Amino acid sequence: MFIKNLILKNYRNYEYQEFNFCNGVNILTGDNAQGKTNCAEAIFYLCTGYSPRATRDKQVIKYGQDSAKIIGTATSSYGNVEVELSFYNNANKGIKINGVPIKKIGELMGNINSVFFNPGELKLIQESPEDRRRFMDISLSQMSKRYFYALQKYRKVLEQRNDLLKSNDKQTIYDTLSFWDEQLAVYAETIIKERLLFIEKLVPLAKKAHSYITGNSEEISISLEAQYLDEEDEFLQSPTSHLEKDVKKCLLLALTKRIEKDIALGYTSVGPHRDDIKIKINNEDVRLYGSQGQQRTSALSLKLAELEVFKNRFNEYPVLILDDAFSELDKSRRSRLLSYVDGVQTIITCTDVTEDMLTSSNIKVFNIKNGKIEE
Ligand SMILES: Nc1ncnc2c1ncn2[C@@H]1O[C@H](COP(=O)(O)OP(=O)(O)O)[C@@H](O)[C@H]1O
Ligand SMILES: [Mg+2]
């Protein structure tokens with residue numbers, strides 16, 4: 001899959017610009033604050049309906065304007081697709097696919113797929129479990145509408161369950177909690193199973209990518225942390241792998257065990273909204289013991305593995321966006337990364353283009369200055 005054409009209208013610092021990308025490596029280069037990341041952001045927006053910068057929709061409208069547009073045309077084995085996002089100062093954003101307006105973001109997901117990486121993704125390693133769940137959620141939502149809708153519904157039910165837990169009427173809590181638990185567990189089951197499968201597929205691919213990028217010097221391991229899946233172990237002869245478990249039953253058991261605690265806390269203390277991913281390098285928790293460089297490479301390996309999961313699922317690669325990823329890598333990791341992504345449409349932003357980046361024959365360089373491509 002690759003994006004052929006992108007048009008930005010009053011988007012961030014772009015007034016009007018069209019990009020004709022090649023299906024290989026596309027380098028957006030230029031000084032700081034010229035619009036390189038803005039363009040990378042727009043591509044991810046087209047794919048997911050969200051900004052990787054986690055800003056509010058309206059913030060992308062060029063200062064002083066009242067609307068903005070991103071229009072992109074992509075080609076995949078299914079043919080061409082045109083996606084159009086419109087942002088308004090005084091209304092919600094509009095989405096069109098092949099000219100037809102859609103109402104739900106879920107219908108946008110999966111039309112154009114992408115994997116986004118920038119130095120901010122270090123938070124994937126360093127920061128809270130929320131960032132690692134976000135990684136799974138964004139990736140899985142692009143791959144599976146079922147996951148995306150289950151996640152939306154899970155969040156709604158969770159909110160209602162939490163509201164109930166905060167109520168002062170204990171009798172009502174005891175009378176109605178099991179109703180919410182049952183619903184919660186239904187959506188949770190979809191989420192947890194998909195996450196387990198995702199991690200299972202991700203592990204060998206991340207190992208491969210990581211040892212490739214590090215020249216075989218490091219080994220990465222990854223697992224999903226969801227303690228409630230071990231709840232029923234005490235009833236089992238020999239504990240089974242998470243994927244073989246009755247996930248729904250495990251969660252219901254865990255919820256029941258924690259009723260008193262959850263009432264005291266006023267929120268639900270167990271479930272997929274608390275899951276985490278544990279990442280180790282050479283058997284040490286990379287979050288606690290990894291160097292900055294190891295953490296950076298781990299985050300990159302996760303993203304490269306994600307790329308392969310997409311490839312295995314859809315039989316074609318998504319678009320890879322590497323925002324400012326090159327400045328942070330040494331020369332040998334850089335060239336290994338470039339040869340790794342051979343055959344994948346890649347959008348690279350960087351301030352300096354060095355010789356070693358220009359080895360591919362399928363390459364296009366865009367000089368970006370003040371929201372324009374400079375000829
Ligand atoms: N809504 C907006 N309207 C106009 N300019 C914006 C808007 N949002 C961001 N910018 C400008 O975009 C520039 C940053 O662009 P960015 O793509 O992040 O730079 P870089 O080329 O370093 O990646 C800044 O100068 C910022 O002021
Ligand atoms: Mg930038």
# chains A, B, ... in the order shown; residues from 1 in each chain; ligands from 1
$ residues_near_ligand --ligand "ligand 2" --cutoff "12 Å" --atoms "only C-alpha atoms and all ligand atoms" --output "ChimeraX atom specification"
/A:28-41,53,117-120,321-327,348-351,368
$ select_by_dssp --residues "region 113-289 of chain A" --states "alpha helix (DSSP H)" --output "VMD selection string"
chain A and resid 123 to 126 129 to 143 145 to 165 170 to 213 247 to 257 259 to 265 286 to 289
$ residues_around --residues "Glu260 (chain A)" --least-positions-apart "4" --cutoff "12 Å" --atoms "only C-alpha atoms" --output "number ranges by chain"
A: 165, 170, 173-174, 177, 254-256, 264-269
$ write_last_selection --atoms "N, CA and C atoms" --output "PDB file, in the first residue's frame"
ATOM      1  N   LEU A 165     -19.864   2.725  41.171  1.00  0.00           N
ATOM      2  CA  LEU A 165     -18.995   2.475  42.328  1.00  0.00           C
ATOM      3  C   LEU A 165     -18.893   3.697  43.243  1.00  0.00           C
ATOM      4  N   LYS A 170     -24.990   1.583  48.815  1.00  0.00           N
ATOM      5  CA  LYS A 170     -24.291   0.301  48.684  1.00  0.00           C
ATOM      6  C   LYS A 170     -25.202  -0.810  48.172  1.00  0.00           C
ATOM      7  N   ILE A 173     -25.437  -0.713  44.536  1.00  0.00           N
ATOM      8  CA  ILE A 173     -24.182  -1.200  43.954  1.00  0.00           C
ATOM      9  C   ILE A 173     -24.221  -2.724  43.883  1.00  0.00           C
ATOM     10  N   TYR A 174     -24.537  -3.356  45.016  1.00  0.00           N
ATOM     11  CA  TYR A 174     -24.533  -4.826  45.034  1.00  0.00           C
ATOM     12  C   TYR A 174     -25.595  -5.418  44.102  1.00  0.00           C
ATOM     13  N   LEU A 177     -24.287  -4.293  40.126  1.00  0.00           N
ATOM     14  CA  LEU A 177     -22.907  -4.418  39.654  1.00  0.00           C
ATOM     15  C   LEU A 177     -22.714  -5.597  38.693  1.00  0.00           C
ATOM     16  N   ALA A 254     -11.896 -11.897  38.818  1.00  0.00           N
ATOM     17  CA  ALA A 254     -11.057 -10.819  39.351  1.00  0.00           C
ATOM     18  C   ALA A 254     -11.916  -9.638  39.799  1.00  0.00           C
ATOM     19  N   LEU A 255     -12.951  -9.333  39.020  1.00  0.00           N
ATOM     20  CA  LEU A 255     -13.843  -8.219  39.371  1.00  0.00           C
ATOM     21  C   LEU A 255     -14.564  -8.525  40.691  1.00  0.00           C
ATOM     22  N   THR A 256     -15.051  -9.747  40.802  1.00  0.00           N
ATOM     23  CA  THR A 256     -15.787 -10.144  42.003  1.00  0.00           C
ATOM     24  C   THR A 256     -14.893 -10.064  43.241  1.00  0.00           C
ATOM     25  N   ALA A 264     -14.338   1.042  47.629  1.00  0.00           N
ATOM     26  CA  ALA A 264     -13.540   1.976  48.434  1.00  0.00           C
ATOM     27  C   ALA A 264     -12.794   2.963  47.532  1.00  0.00           C
ATOM     28  N   LEU A 265     -12.270   2.461  46.421  1.00  0.00           N
ATOM     29  CA  LEU A 265     -11.508   3.319  45.504  1.00  0.00           C
ATOM     30  C   LEU A 265     -12.423   4.225  44.688  1.00  0.00           C
ATOM     31  N   GLY A 266     -13.625   3.741  44.386  1.00  0.00           N
ATOM     32  CA  GLY A 266     -14.543   4.490  43.535  1.00  0.00           C
ATOM     33  C   GLY A 266     -14.238   4.312  42.053  1.00  0.00           C
ATOM     34  N   TYR A 267     -13.453   3.295  41.713  1.00  0.00           N
ATOM     35  CA  TYR A 267     -13.226   2.974  40.304  1.00  0.00           C
ATOM     36  C   TYR A 267     -12.839   1.510  40.155  1.00  0.00           C
ATOM     37  N   THR A 268     -12.823   1.053  38.918  1.00  0.00           N
ATOM     38  CA  THR A 268     -12.546  -0.355  38.621  1.00  0.00           C
ATOM     39  C   THR A 268     -11.039  -0.590  38.557  1.00  0.00           C
ATOM     40  N   SER A 269     -10.532  -1.416  39.481  1.00  0.00           N
ATOM     41  CA  SER A 269      -9.073  -1.515  39.598  1.00  0.00           C
ATOM     42  C   SER A 269      -8.468  -2.636  38.767  1.00  0.00           C
TER      43      SER A 269
END
$ residues_around --residues "Gln294 (chain A)" --least-positions-apart "4" --cutoff "9 Å" --atoms "only C-alpha atoms" --output "PyMOL selection string"
chain A and resi 218+281+286+290+298-299
$ write_last_selection --atoms "C-alpha atoms" --output "PDB file, in the first residue's frame"
ATOM      1  CA  GLU A 218      20.829  -7.352  21.893  1.00  0.00           C
ATOM      2  CA  ILE A 281      16.537  -6.298  26.677  1.00  0.00           C
ATOM      3  CA  VAL A 286      14.465  -1.871  29.548  1.00  0.00           C
ATOM      4  CA  GLY A 290      18.021   0.334  29.541  1.00  0.00           C
ATOM      5  CA  SER A 298      13.452  -0.996  21.454  1.00  0.00           C
ATOM      6  CA  ALA A 299      10.705   1.449  20.563  1.00  0.00           C
TER       7      ALA A 299
END
$ closest_residue --among "A:Met109, A:Ile70, A:Ala185, A:Val60" --to "ligand 1" --atoms "only C-alpha atoms and all ligand atoms"
A:Val60
$ residues_around --residues "Ile192 (chain A)" --least-positions-apart "3" --cutoff "12 Å" --atoms "only C-alpha atoms" --output "PyMOL selection string"
chain A and resi 133+136-137+140+147+150-151+154+184-189+195-199+224-229+242-243+245-248+250-251+271-276
$ write_last_selection --atoms "C-alpha atoms" --output "compact mmCIF listing (two decimals), in the first residue's frame"
# COMPACT_ATOMS: atom_id res chain seq x y z
CA ARG A 133 -1.89 0.40 25.70
CA MET A 136 -1.77 -1.67 20.99
CA ASP A 137 -5.06 0.17 20.64
CA LEU A 140 -5.27 -3.09 16.57
CA TYR A 147 -11.46 -4.38 18.24
CA ALA A 150 -15.26 -3.30 21.44
CA LEU A 151 -12.82 -0.77 22.87
CA TYR A 154 -15.77 -1.17 26.88
CA LEU A 184 -17.75 -5.28 30.72
CA ALA A 185 -16.44 -8.83 30.46
CA VAL A 186 -18.02 -9.37 27.04
CA TYR A 187 -16.17 -6.41 25.48
CA ALA A 188 -13.06 -7.06 27.55
CA GLU A 189 -12.86 -10.56 26.15
CA ARG A 195 -4.12 -8.10 22.43
CA LEU A 196 -2.78 -11.52 23.35
CA LEU A 197 -2.77 -12.58 19.71
CA PHE A 198 -1.15 -9.31 18.70
CA ILE A 199 1.66 -9.68 21.23
CA LEU A 224 1.41 -8.65 27.95
CA GLU A 225 1.00 -7.93 31.64
CA ALA A 226 -2.53 -8.81 32.69
CA GLN A 227 -2.46 -10.34 36.13
CA TYR A 228 -6.16 -11.10 36.26
CA LEU A 229 -5.57 -13.78 33.64
CA HIS A 242 -3.07 -16.98 28.54
CA LEU A 243 -4.44 -17.67 25.09
CA LYS A 245 -7.73 -19.47 29.13
CA ASP A 246 -11.36 -18.52 29.53
CA VAL A 247 -10.53 -14.85 29.51
CA LYS A 248 -14.05 -13.73 30.37
CA CYS A 250 -10.86 -14.84 34.64
CA LEU A 251 -11.94 -11.21 34.47
CA GLY A 271 -9.28 -5.10 33.54
CA PRO A 272 -7.76 -4.39 30.14
CA HIS A 273 -7.75 -0.66 30.91
CA ARG A 274 -4.90 -1.49 33.30
CA ASP A 275 -2.93 -3.87 31.04
CA ASP A 276 0.72 -3.20 30.32
$ closest_residue --among "A:Arg258, A:Lys62, A:Arg287, A:Lys156" --to "ligand 1" --atoms "only C-alpha atoms and all ligand atoms"
A:Lys62
$ select_by_dssp --residues "region 227-345 of chain A" --states "strand (DSSP E)" --output "PyMOL selection string"
chain A and resi 276-281+284-285+319-323
$ atom_distance --atom1 "CA of Asp330 (chain A)" --atom2 "CA of Asp352 (chain A)"
13.8 Å
$ closest_residue --among "A:Ala42, A:Ala206, A:Leu8, A:Ile61" --to "ligand 1" --atoms "only C-alpha atoms and all ligand atoms"
A:Ile61
$ closest_residue --among "A:Gly343, A:Gly64, A:Gly49, A:Gly99" --to "ligand 1" --atoms "only C-alpha atoms and all ligand atoms"
A:Gly64
$ atom_distance --atom1 "atom 13 (C, counted along the ligand's line) of ligand 1" --atom2 "CA of Arg12 (chain A)"
7.1 Å
$ closest_residue --among "A:Lys4, A:Lys93, A:Arg56, A:Lys166" --to "ligand 1" --atoms "only C-alpha atoms and all ligand atoms"
A:Arg56
$ decode --residues "region 26-94 of chain A" --atoms "C-alpha atoms" --output "short mmCIF file (atom, residue, chain, number, x, y, z; two decimals), in the first residue's frame"
data_model
loop_
_atom_site.label_atom_id
_atom_site.label_comp_id
_atom_site.auth_asym_id
_atom_site.auth_seq_id
_atom_site.Cartn_x
_atom_site.Cartn_y
_atom_site.Cartn_z
CA ASN A 26 10.38 9.88 0.53
CA ILE A 27 12.59 12.29 2.43
CA LEU A 28 11.14 15.51 3.77
CA THR A 29 14.05 17.70 4.69
CA GLY A 30 14.56 21.29 5.78
CA ASP A 31 15.39 23.46 8.78
CA ASN A 32 13.55 23.28 12.06
CA ALA A 33 9.93 24.42 12.23
CA GLN A 34 9.35 24.41 8.45
CA GLY A 35 6.50 21.86 8.33
CA LYS A 36 8.15 18.44 8.00
CA THR A 37 6.46 16.91 11.02
CA ASN A 38 3.21 18.68 10.14
CA CYS A 39 3.15 16.76 6.87
CA ALA A 40 3.98 13.46 8.61
CA GLU A 41 1.23 14.16 11.13
CA ALA A 42 -1.28 14.78 8.33
CA ILE A 43 -0.55 11.37 6.81
CA PHE A 44 -1.16 9.60 10.12
CA TYR A 45 -4.35 11.62 10.58
CA LEU A 46 -5.63 10.33 7.23
CA CYS A 47 -5.07 6.77 8.35
CA THR A 48 -6.48 6.86 11.86
CA GLY A 49 -8.48 10.06 12.35
CA TYR A 50 -6.11 10.94 15.18
CA SER A 51 -3.01 13.08 15.45
CA PRO A 52 0.09 11.31 16.76
CA ARG A 53 0.73 14.57 18.62
CA ALA A 54 -2.50 14.03 20.50
CA THR A 55 -3.68 17.55 19.84
CA ARG A 56 -7.25 18.67 19.45
CA ASP A 57 -8.61 18.57 15.91
CA LYS A 58 -9.05 22.34 15.66
CA GLN A 59 -5.40 23.03 16.43
CA VAL A 60 -4.39 21.89 12.95
CA ILE A 61 -6.27 24.72 11.25
CA LYS A 62 -3.84 27.35 10.00
CA TYR A 63 -3.82 30.39 12.28
CA GLY A 64 -6.44 32.89 11.16
CA GLN A 65 -8.37 30.44 8.93
CA ASP A 66 -11.63 28.73 9.77
CA SER A 67 -11.16 25.40 8.08
CA ALA A 68 -8.47 22.99 6.93
CA LYS A 69 -8.31 19.96 4.69
CA ILE A 70 -6.15 16.90 4.17
CA ILE A 71 -6.81 14.92 1.01
CA GLY A 72 -4.87 11.78 0.24
CA THR A 73 -4.99 9.15 -2.48
CA ALA A 74 -3.54 5.73 -1.80
CA THR A 75 -3.11 2.62 -3.88
CA SER A 76 -3.36 -0.87 -2.52
CA SER A 77 -4.10 -4.31 -3.90
CA TYR A 78 -7.78 -3.37 -3.54
CA GLY A 79 -7.36 -0.38 -5.87
CA ASN A 80 -7.33 3.34 -5.21
CA VAL A 81 -8.88 5.05 -2.24
CA GLU A 82 -9.28 8.77 -1.63
CA VAL A 83 -9.63 9.97 1.93
CA GLU A 84 -10.55 13.51 2.81
CA LEU A 85 -10.55 15.06 6.28
CA SER A 86 -12.04 18.50 6.85
CA PHE A 87 -11.50 20.45 10.04
CA TYR A 88 -13.68 23.34 11.14
CA ASN A 89 -13.38 25.96 13.85
CA ASN A 90 -17.02 25.67 14.80
CA ALA A 91 -17.93 22.08 13.97
CA ASN A 92 -16.62 18.56 14.28
CA LYS A 93 -14.32 17.23 11.62
CA GLY A 94 -15.79 15.66 8.51
#
